[in-house]
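What follows is the content of protein19.json (JSON, C-alpha atoms and all ligand atoms).
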```
[["chain", "number", "residue", "atom", "x", "y", "z"],
["A", 1, "MET", "CA", -9.07, 7.64, 21.79],
["A", 2, "PRO", "CA", -5.36, 7.57, 22.56],
["A", 3, "GLY", "CA", -3.89, 4.15, 23.31],
["A", 4, "PRO", "CA", -1.67, 3.35, 26.25],
["A", 5, "ALA", "CA", 1.33, 5.61, 26.70],
["A", 6, "TRP", "CA", 3.85, 2.94, 25.68],
["A", 7, "ALA", "CA", 1.98, 2.30, 22.42],
["A", 8, "LEU", "CA", 2.08, 5.97, 21.55],
["A", 9, "ALA", "CA", 5.74, 6.09, 22.41],
["A", 10, "VAL", "CA", 6.54, 3.11, 20.18],
["A", 11, "SER", "CA", 4.59, 4.41, 17.20],
["A", 12, "ASP", "CA", 6.16, 7.86, 17.58],
["A", 13, "VAL", "CA", 9.64, 6.42, 17.71],
["A", 14, "ALA", "CA", 8.88, 4.17, 14.77],
["A", 15, "ARG", "CA", 7.59, 7.09, 12.73],
["A", 16, "LEU", "CA", 10.60, 9.21, 13.55],
["A", 17, "LEU", "CA", 13.30, 6.61, 13.21],
["A", 18, "LEU", "CA", 12.29, 3.96, 10.75],
["A", 19, "PRO", "CA", 11.80, 5.91, 7.54],
["A", 20, "ASN", "CA", 15.30, 7.34, 7.81],
["A", 21, "ALA", "CA", 17.23, 4.26, 8.86],
["A", 22, "CYS", "CA", 18.22, 1.52, 6.42],
["A", 23, "VAL", "CA", 16.62, -1.76, 7.58],
["A", 24, "ALA", "CA", 19.75, -3.71, 6.62],
["A", 25, "CYS", "CA", 22.59, -1.63, 8.06],
["A", 26, "GLY", "CA", 20.93, 1.08, 10.15],
["A", 27, "ARG", "CA", 22.66, 3.89, 8.26],
["A", 28, "LEU", "CA", 20.66, 7.04, 7.67],
["A", 29, "VAL", "CA", 18.95, 7.16, 4.30],
["A", 30, "GLU", "CA", 19.16, 10.87, 3.69],
["A", 31, "SER", "CA", 18.42, 11.08, -0.02],
["A", 32, "ASP", "CA", 14.95, 9.58, 0.19],
["A", 33, "PRO", "CA", 13.19, 9.63, 3.55],
["A", 34, "ASP", "CA", 10.81, 6.87, 2.42],
["A", 35, "ALA", "CA", 13.55, 4.50, 1.28],
["A", 36, "LEU", "CA", 13.93, 1.48, 3.55],
["A", 37, "LEU", "CA", 17.26, 0.41, 2.10],
["A", 38, "CYS", "CA", 20.27, 2.68, 1.67],
["A", 39, "GLY", "CA", 22.04, 2.90, -1.67],
["A", 40, "VAL", "CA", 24.94, 0.70, -0.52],
["A", 41, "CYS", "CA", 22.64, -2.14, 0.61],
["A", 42, "ARG", "CA", 20.54, -1.84, -2.56],
["A", 43, "VAL", "CA", 23.65, -2.45, -4.66],
["A", 44, "ARG", "CA", 24.60, -5.39, -2.45],
["A", 45, "LEU", "CA", 21.31, -7.19, -3.20],
["A", 46, "ARG", "CA", 22.67, -9.57, -5.82],
["A", 47, "PRO", "CA", 20.13, -10.74, -8.44],
["A", 48, "MET", "CA", 20.37, -14.38, -9.54],
["A", 49, "ARG", "CA", 21.65, -15.00, -13.06],
["A", 50, "PRO", "CA", 19.95, -17.61, -15.26],
["A", 51, "GLY", "CA", 21.25, -21.16, -14.72],
["A", 52, "CYS", "CA", 19.20, -24.37, -14.63],
["A", 53, "PRO", "CA", 16.08, -23.83, -16.77],
["A", 54, "ARG", "CA", 13.92, -25.35, -14.05],
["A", 55, "CYS", "CA", 15.29, -23.85, -10.84],
["A", 56, "ALA", "CA", 17.74, -21.15, -12.07],
["A", 57, "GLN", "CA", 20.52, -22.46, -9.82],
["A", 58, "PRO", "CA", 24.03, -22.13, -11.36],
["A", 59, "LEU", "CA", 24.71, -25.38, -13.22],
["A", 60, "PRO", "CA", 27.62, -27.63, -12.21],
["A", 61, "PRO", "CA", 30.56, -27.75, -14.66],
["A", 62, "VAL", "CA", 29.55, -31.29, -15.65],
["A", 63, "GLY", "CA", 26.21, -33.09, -15.64],
["A", 64, "PRO", "CA", 22.65, -32.03, -14.85],
["A", 65, "CYS", "CA", 21.48, -29.69, -12.05],
["A", 66, "ARG", "CA", 21.59, -31.37, -8.67],
["A", 67, "PHE", "CA", 19.74, -28.63, -6.77],
["A", 68, "CYS", "CA", 16.28, -29.47, -8.15],
["A", 69, "ALA", "CA", 16.89, -33.17, -8.81],
["A", 70, "ARG", "CA", 14.92, -34.33, -5.76],
["A", 71, "TRP", "CA", 11.94, -31.99, -6.20],
["A", 72, "VAL", "CA", 8.61, -33.50, -7.22],
["A", 73, "PRO", "CA", 7.93, -33.29, -10.99],
["A", 74, "GLU", "CA", 4.82, -31.18, -10.29],
["A", 75, "LEU", "CA", 7.10, -28.25, -9.38],
["A", 76, "THR", "CA", 7.99, -27.09, -12.87],
["A", 77, "ARG", "CA", 9.76, -23.76, -12.55],
["A", 78, "VAL", "CA", 11.24, -21.87, -9.60],
["A", 79, "ARG", "CA", 12.76, -18.42, -9.59],
["A", 80, "SER", "CA", 14.26, -16.26, -6.82],
["A", 81, "ALA", "CA", 14.98, -12.55, -7.13],
["A", 82, "VAL", "CA", 18.24, -12.26, -5.17],
["A", 83, "TRP", "CA", 20.80, -14.33, -3.31],
["A", 84, "LEU", "CA", 20.50, -14.43, 0.46],
["A", 85, "THR", "CA", 23.36, -12.00, 1.13],
["A", 86, "PRO", "CA", 23.57, -10.44, 4.61],
["A", 87, "GLU", "CA", 21.53, -7.48, 3.29],
["A", 88, "ALA", "CA", 18.77, -9.70, 1.86],
["A", 89, "ARG", "CA", 18.78, -11.69, 5.10],
["A", 90, "GLU", "CA", 18.10, -8.49, 7.06],
["A", 91, "VAL", "CA", 15.24, -7.53, 4.73],
["A", 92, "ALA", "CA", 13.72, -11.03, 5.08],
["A", 93, "HIS", "CA", 14.14, -10.92, 8.85],
["A", 94, "HIS", "CA", 12.39, -7.55, 9.20],
["A", 95, "LEU", "CA", 9.65, -8.69, 6.83],
["A", 96, "LYS", "CA", 9.03, -11.65, 9.09],
["A", 97, "TYR", "CA", 9.19, -10.03, 12.49],
["A", 98, "ASP", "CA", 8.38, -6.31, 12.02],
["A", 99, "ASP", "CA", 5.12, -5.44, 10.40],
["A", 100, "TYR", "CA", 6.32, -2.51, 8.21],
["A", 101, "PRO", "CA", 3.87, -2.31, 5.29],
["A", 102, "ALA", "CA", 6.45, -0.54, 3.10],
["A", 103, "LEU", "CA", 8.84, -3.48, 3.37],
["A", 104, "ALA", "CA", 6.50, -5.87, 1.53],
["A", 105, "THR", "CA", 6.06, -3.19, -1.14],
["A", 106, "LEU", "CA", 9.84, -3.01, -1.54],
["A", 107, "VAL", "CA", 10.21, -6.80, -1.73],
["A", 108, "GLY", "CA", 7.38, -7.01, -4.28],
["A", 109, "ALA", "CA", 9.12, -4.39, -6.42],
["A", 110, "ILE", "CA", 12.47, -6.23, -6.23],
["A", 111, "ILE", "CA", 10.87, -9.51, -7.33],
["A", 112, "ALA", "CA", 9.01, -7.79, -10.18],
["A", 113, "ARG", "CA", 12.31, -6.22, -11.27],
["A", 114, "ASP", "CA", 14.39, -9.42, -11.20],
["A", 115, "VAL", "CA", 11.93, -12.19, -12.09],
["A", 116, "ALA", "CA", 10.12, -12.42, -15.45],
["A", 117, "LYS", "CA", 6.35, -12.27, -15.03],
["A", 118, "PRO", "CA", 4.67, -15.64, -15.61],
["A", 119, "GLU", "CA", 2.08, -15.61, -18.40],
["A", 120, "SER", "CA", -0.75, -16.52, -16.08],
["A", 121, "GLY", "CA", -1.46, -18.15, -12.74],
["A", 122, "CYS", "CA", -2.77, -17.59, -9.27],
["A", 123, "LEU", "CA", -0.27, -16.41, -6.64],
["A", 124, "ILE", "CA", -0.48, -18.73, -3.63],
["A", 125, "PRO", "CA", 1.61, -17.87, -0.56],
["A", 126, "ILE", "CA", 3.16, -20.68, 1.49],
["A", 127, "PRO", "CA", 0.92, -20.66, 4.57],
["A", 128, "LEU", "CA", 1.99, -20.58, 8.20],
["A", 129, "GLY", "CA", 0.56, -23.04, 10.70],
["A", 130, "ALA", "CA", -2.35, -21.66, 12.74],
["A", 131, "GLN", "CA", -0.24, -21.50, 15.86],
["A", 132, "ARG", "CA", 2.59, -19.57, 14.23],
["A", 133, "LEU", "CA", 0.12, -17.27, 12.47],
["A", 134, "ARG", "CA", -1.49, -16.45, 15.81],
["A", 135, "SER", "CA", 1.80, -15.66, 17.50],
["A", 136, "ARG", "CA", 3.18, -13.59, 14.59],
["A", 137, "GLY", "CA", -0.06, -11.95, 13.52],
["A", 138, "TYR", "CA", 0.54, -12.14, 9.77],
["A", 139, "ASN", "CA", 2.08, -14.31, 7.08],
["A", 140, "GLN", "CA", 5.04, -12.63, 5.40],
["A", 141, "ALA", "CA", 4.59, -14.75, 2.26],
["A", 142, "GLY", "CA", 1.01, -13.43, 1.97],
["A", 143, "LYS", "CA", 2.30, -9.87, 2.13],
["A", 144, "ILE", "CA", 4.83, -10.56, -0.62],
["A", 145, "ALA", "CA", 2.13, -12.21, -2.78],
["A", 146, "ARG", "CA", -0.21, -9.23, -2.43],
["A", 147, "ALA", "CA", 2.57, -6.75, -3.25],
["A", 148, "LEU", "CA", 3.63, -8.82, -6.26],
["A", 149, "ALA", "CA", 0.04, -9.15, -7.50],
["A", 150, "GLY", "CA", 0.00, -5.38, -8.01],
["A", 151, "HIS", "CA", 3.04, -5.55, -10.31],
["A", 152, "TRP", "CA", 2.05, -8.66, -12.23],
["A", 153, "GLY", "CA", -1.71, -8.12, -12.39],
["A", 154, "LEU", "CA", -2.35, -11.69, -11.22],
["A", 155, "PRO", "CA", -4.88, -12.92, -8.63],
["A", 156, "VAL", "CA", -3.87, -14.06, -5.13],
["A", 157, "SER", "CA", -5.43, -16.94, -3.19],
["A", 158, "GLU", "CA", -4.58, -17.21, 0.48],
["A", 159, "THR", "CA", -7.04, -20.06, 1.00],
["A", 160, "ALA", "CA", -5.96, -22.54, -1.70],
["A", 161, "LEU", "CA", -3.29, -23.98, 0.55],
["A", 162, "ARG", "CA", -3.19, -24.54, 4.29],
["A", 163, "ARG", "CA", -0.95, -26.30, 6.77],
["A", 164, "ALA", "CA", -2.31, -29.74, 7.55],
["A", 165, "ARG", "CA", -0.10, -29.86, 10.61],
["A", 166, "GLU", "CA", 2.35, -27.68, 12.47],
["A", 167, "THR", "CA", 5.92, -28.42, 11.37],
["A", 168, "PRO", "CA", 8.88, -28.01, 13.72],
["A", 169, "SER", "CA", 11.37, -25.28, 12.78],
["A", 170, "GLN", "CA", 13.66, -26.19, 9.89],
["A", 171, "THR", "CA", 16.65, -24.57, 11.57],
["A", 172, "SER", "CA", 19.81, -26.69, 11.46],
["A", 173, "LEU", "CA", 18.12, -29.62, 9.73],
["A", 174, "THR", "CA", 19.99, -31.45, 6.99],
["A", 175, "PRO", "CA", 18.37, -31.38, 3.51],
["A", 176, "GLU", "CA", 17.15, -34.97, 4.08],
["A", 177, "ALA", "CA", 15.61, -34.08, 7.43],
["A", 178, "ARG", "CA", 13.95, -31.00, 5.92],
["A", 179, "LEU", "CA", 12.20, -33.16, 3.37],
["A", 180, "ALA", "CA", 10.92, -35.54, 6.05],
["A", 181, "ASN", "CA", 9.90, -32.58, 8.21],
["A", 182, "VAL", "CA", 7.48, -31.16, 5.62],
["A", 183, "THR", "CA", 6.09, -34.44, 4.24],
["A", 184, "GLY", "CA", 2.29, -34.23, 4.39],
["A", 185, "ALA", "CA", 2.50, -30.72, 5.82],
["A", 186, "PHE", "CA", 0.03, -29.15, 3.35],
["A", 187, "ALA", "CA", -3.58, -29.61, 2.31],
["A", 188, "ALA", "CA", -4.90, -27.90, -0.82],
["A", 189, "PHE", "CA", -8.30, -26.86, -2.13],
["A", 190, "PRO", "CA", -9.19, -27.30, -5.83],
["A", 191, "PRO", "CA", -8.96, -24.26, -8.09],
["A", 192, "PRO", "CA", -12.17, -22.17, -8.22],
["A", 193, "SER", "CA", -13.06, -23.21, -11.76],
["A", 194, "GLU", "CA", -11.55, -25.37, -14.44],
["A", 195, "ARG", "CA", -11.38, -23.66, -17.81],
["A", 196, "ARG", "CA", -11.79, -25.39, -21.13],
["A", 197, "ASN", "CA", -9.47, -24.55, -23.98],
["A", 198, "GLY", "CA", -10.39, -24.29, -27.68],
["A", 199, "SER", "CA", -10.41, -28.04, -28.27],
["A", 200, "GLY", "CA", -12.72, -28.67, -25.31],
["A", 201, "ALA", "CA", -10.04, -30.20, -23.10],
["A", 202, "THR", "CA", -9.89, -29.08, -19.51],
["A", 203, "GLU", "CA", -7.12, -26.63, -18.80],
["A", 204, "MET", "CA", -5.83, -26.65, -15.25],
["A", 205, "PRO", "CA", -5.23, -23.20, -13.79],
["A", 206, "ALA", "CA", -1.56, -22.59, -13.04],
["A", 207, "ALA", "CA", -0.40, -21.93, -9.49],
["A", 208, "ILE", "CA", 2.52, -19.71, -8.52],
["A", 209, "LEU", "CA", 3.75, -20.41, -5.00],
["A", 210, "VAL", "CA", 5.20, -17.41, -3.19],
["A", 211, "ASP", "CA", 7.65, -17.49, -0.29],
["A", 212, "ASP", "CA", 10.29, -15.27, 1.29],
["A", 213, "VAL", "CA", 13.37, -17.51, 1.30],
["A", 214, "LEU", "CA", 14.21, -20.72, -0.53],
["A", 215, "THR", "CA", 16.79, -22.97, 1.14],
["A", 216, "THR", "CA", 16.53, -26.49, -0.29],
["A", 217, "GLY", "CA", 13.09, -26.32, -1.97],
["A", 218, "ALA", "CA", 11.65, -29.07, 0.27],
["A", 219, "THR", "CA", 8.75, -26.85, 1.38],
["A", 220, "LEU", "CA", 7.92, -25.70, -2.18],
["A", 221, "SER", "CA", 8.14, -29.27, -3.43],
["A", 222, "GLU", "CA", 5.71, -30.54, -0.81],
["A", 223, "ALA", "CA", 3.28, -27.64, -1.40],
["A", 224, "ALA", "CA", 3.41, -28.19, -5.18],
["A", 225, "GLN", "CA", 2.47, -31.84, -4.72],
["A", 226, "ALA", "CA", -0.54, -30.90, -2.57],
["A", 227, "LEU", "CA", -1.76, -28.33, -5.13],
["A", 228, "ALA", "CA", -1.32, -30.69, -8.08],
["A", 229, "GLY", "CA", -3.22, -33.35, -6.17],
["A", 230, "ALA", "CA", -6.12, -30.92, -5.73],
["A", 231, "GLY", "CA", -6.32, -30.22, -9.47],
["A", 232, "TRP", "CA", -4.07, -27.22, -9.97],
["A", 233, "GLY", "CA", -2.10, -27.22, -13.23],
["A", 234, "PRO", "CA", 1.58, -26.54, -13.58],
["A", 235, "VAL", "CA", 2.96, -25.27, -10.28],
["A", 236, "MET", "CA", 5.63, -22.60, -10.41],
["A", 237, "ALA", "CA", 7.21, -20.80, -7.48],
["A", 238, "VAL", "CA", 8.87, -17.49, -6.79],
["A", 239, "THR", "CA", 10.80, -16.40, -3.72],
["A", 240, "PHE", "CA", 12.44, -13.15, -2.70],
["A", 241, "ALA", "CA", 15.81, -14.67, -1.76],
["A", 242, "ARG", "CA", 17.71, -17.93, -2.14],
["A", 243, "ALA", "CA", 20.32, -19.38, 0.22],
["A", 244, "GLU", "CA", 23.72, -19.38, -1.44],
["A", 245, "PRO", "CA", 24.98, -22.88, -2.35],
["A", 246, "PHE", "CA", 27.94, -22.79, 0.04],
["A", 247, "GLU", "CA", 25.56, -22.05, 2.93],
["A", 248, "ILE", "CA", 23.47, -25.14, 2.26],
["A", 249, "ARG", "CA", 26.60, -27.27, 2.09],
["A", 250, "ALA", "CA", 27.93, -25.80, 5.31],
["A", 251, "GLN", "CA", 24.60, -26.48, 7.08],
["A", 252, "HIS", "CA", 24.75, -22.96, 8.39],
["A", 253, "TYR", "CA", 21.15, -21.92, 8.85],
["A", 254, "GLU", "CA", 20.10, -18.67, 10.42],
["A", 255, "PRO", "CA", 16.62, -18.23, 11.88],
["A", 256, "VAL", "CA", 15.50, -16.35, 8.78],
["A", 257, "SER", "CA", 15.38, -19.53, 6.72],
["A", 258, "THR", "CA", 13.09, -21.34, 9.15],
["A", 259, "ARG", "CA", 9.35, -21.83, 8.94],
["B", 1, "ZN", "ZN", 22.02, -0.02, 4.32],
["B", 2, "ZN", "ZN", 17.78, -27.15, -11.31]]
```
Write-out of the structure in structure tokens:
Amino acid sequence: MPGPAWALAVSDVARLLLPNACVACGRLVESDPDALLCGVCRVRLRPMRPGCPRCAQPLPPVGPCRFCARWVPELTRVRSAVWLTPEAREVAHHLKYDDYPALATLVGAIIARDVAKPESGCLIPIPLGAQRLRSRGYNQAGKIARALAGHWGLPVSETALRRARETPSQTSLTPEARLANVTGAFAAFPPPSERRNGSGATEMPAAILVDDVLTTGATLSEAAQALAGAGWGPVMAVTFARAEPFEIRAQHYEPVSTR
């Protein structure tokens, strides 16, 4: 049965326009009608180079990494595929607000290309609060996790972690305020089963948190603590994009980095 006229009109327009327009710059993508990013924007997605062994942030000229210094010890390893350039910001924005299935597939492929596959672990997306999930209709981190699971051959759990409370938007908060904002924000369920290794000791299943954008790591840190408290083993995390260091210093947050 046909839907209302406006719905038909929107889906027709979407079908006609979206596959040929780059989601980042709007230019026509003529070479490949299914491509969501044009060649220019693809090149402008800048993969992160290895830096700090724990968080991959470029190391300062002197002394240890300061970026991950305040994270909880339970968060052992964090990787992001690309820097949050204007092009990556557009991709993250569309992933969050427009439900194009192909966009999560693209983001999953970019992460699989730029981030080394962890040996094992369960992919656990950072959950949205119930209220935000209702208004948006889907969790973009869940979409990324499912797309990535196909590349890495790892399981996904969207129930291991939930929001214990709704957190106000992180927009324009200082790093200190972000940390306070997410304290106690998550509740975690224990892993489905604890495995025993050869010597009979219990081996905790590893968790791999998945999110779209990493700004200060306060959210990942809080989620890692909740998972570790529920019996998950080493907690790693992977995100599509990471805010560039100068942006964090300048306190210049766009809506894309909010939760
Ligand atoms: Zn483009
Ligand atoms: Zn670090």
Tell me which protein, DNA and RNA residues are within 12 Å of Trp232 (chain A), counting all atoms listed in the file, leaving out same-chain ones fewer than 5 positions away, and put them as JSON, numbers by chain. {"A": [74, 75, 121, 122, 123, 124, 160, 161, 188, 189, 190, 191, 192, 193, 194, 195, 202, 203, 204, 205, 206, 207, 208, 209, 223, 224, 225, 226, 227]}
For CA of Ser169 (chain A) and CA of Cys41 (chain A), determine how far apart the two atoms are, in Å to one decimal place.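 Rounded to one decimal, the two atoms are 28.5 Å apart.
Using only C-alpha atoms and all ligand atoms for every distance, the candidate list A:Ala218, A:Ala228, A:Met48, A:Cys68 yields A:Cys68 as the residue closest to ligand ZN 2 (chain B).
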Write out as a list in words each polymer residue (protein, DNA or RNA) that has an atom no more than 7 Å from ligand ZN 1 (chain B), with all atoms listed in the file counted.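 If we count all atoms listed in the file, the neighbours of ligand ZN 1 (chain B) turn out to be Cys22, Val23, Ala24, Cys25, Gly26, Arg27, Leu37, Cys38, Gly39, Val40 and Cys41 of chain A.
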List every residue of chain A that has an atom at most 7 Å from any atom of ligand ZN 2 (chain B), and for each one report the closest atom pair and its distance in Å to one decimal, counting all atoms listed in the file, with rows sorted by chain and then by increasing residue number, as JSON lines.
```
{"residue": "A:Cys52", "atom": "CA", "partner": "B:ZN2", "partner_atom": "ZN", "distance": 4.6}
{"residue": "A:Pro53", "atom": "CA", "partner": "B:ZN2", "partner_atom": "ZN", "distance": 6.6}
{"residue": "A:Arg54", "atom": "CA", "partner": "B:ZN2", "partner_atom": "ZN", "distance": 5.1}
{"residue": "A:Cys55", "atom": "CA", "partner": "B:ZN2", "partner_atom": "ZN", "distance": 4.2}
{"residue": "A:Ala56", "atom": "CA", "partner": "B:ZN2", "partner_atom": "ZN", "distance": 6.0}
{"residue": "A:Gln57", "atom": "CA", "partner": "B:ZN2", "partner_atom": "ZN", "distance": 5.6}
{"residue": "A:Cys65", "atom": "CA", "partner": "B:ZN2", "partner_atom": "ZN", "distance": 4.5}
{"residue": "A:Arg66", "atom": "CA", "partner": "B:ZN2", "partner_atom": "ZN", "distance": 6.3}
{"residue": "A:Phe67", "atom": "CA", "partner": "B:ZN2", "partner_atom": "ZN", "distance": 5.2}
{"residue": "A:Cys68", "atom": "CA", "partner": "B:ZN2", "partner_atom": "ZN", "distance": 4.2}
{"residue": "A:Ala69", "atom": "CA", "partner": "B:ZN2", "partner_atom": "ZN", "distance": 6.6}
```
Which residue, A:Thr174, A:Ser120, A:Thr105, A:Thr183, has the smallest gap to Val156 (chain A) when you use all atoms listed in the file? A:Ser120
Using only C-alpha atoms, collect all residues at a distance of at most 12 Å from (13.0, -11.6, 10.0) as written in the file, then present them as an mmCIF file with C-alpha atoms, in the coordinates of the input.
```
data_model
loop_
_atom_site.group_PDB
_atom_site.id
_atom_site.type_symbol
_atom_site.label_atom_id
_atom_site.label_comp_id
_atom_site.auth_asym_id
_atom_site.auth_seq_id
_atom_site.Cartn_x
_atom_site.Cartn_y
_atom_site.Cartn_z
ATOM 1 C CA VAL A 23 16.620 -1.760 7.580
ATOM 2 C CA ALA A 24 19.750 -3.710 6.620
ATOM 3 C CA PRO A 86 23.570 -10.440 4.610
ATOM 4 C CA GLU A 87 21.530 -7.480 3.290
ATOM 5 C CA ALA A 88 18.770 -9.700 1.860
ATOM 6 C CA ARG A 89 18.780 -11.690 5.100
ATOM 7 C CA GLU A 90 18.100 -8.490 7.060
ATOM 8 C CA VAL A 91 15.240 -7.530 4.730
ATOM 9 C CA ALA A 92 13.720 -11.030 5.080
ATOM 10 C CA HIS A 93 14.140 -10.920 8.850
ATOM 11 C CA HIS A 94 12.390 -7.550 9.200
ATOM 12 C CA LEU A 95 9.650 -8.690 6.830
ATOM 13 C CA LYS A 96 9.030 -11.650 9.090
ATOM 14 C CA TYR A 97 9.190 -10.030 12.490
ATOM 15 C CA ASP A 98 8.380 -6.310 12.020
ATOM 16 C CA ASP A 99 5.120 -5.440 10.400
ATOM 17 C CA TYR A 100 6.320 -2.510 8.210
ATOM 18 C CA LEU A 103 8.840 -3.480 3.370
ATOM 19 C CA ARG A 136 3.180 -13.590 14.590
ATOM 20 C CA ASN A 139 2.080 -14.310 7.080
ATOM 21 C CA GLN A 140 5.040 -12.630 5.400
ATOM 22 C CA ALA A 141 4.590 -14.750 2.260
ATOM 23 C CA ASP A 212 10.290 -15.270 1.290
ATOM 24 C CA VAL A 213 13.370 -17.510 1.300
ATOM 25 C CA GLU A 254 20.100 -18.670 10.420
ATOM 26 C CA PRO A 255 16.620 -18.230 11.880
ATOM 27 C CA VAL A 256 15.500 -16.350 8.780
ATOM 28 C CA SER A 257 15.380 -19.530 6.720
ATOM 29 C CA THR A 258 13.090 -21.340 9.150
ATOM 30 C CA ARG A 259 9.350 -21.830 8.940
#
```
Considering all atoms listed in the file, state which residue in the set A:Thr159, A:Thr85, A:Asn20, A:Thr76 is at the smallest distance from Phe240 (chain A).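 Between A:Thr159, A:Thr85, A:Asn20, A:Thr76, the residue approaching Phe240 (chain A) most closely is A:Thr85.
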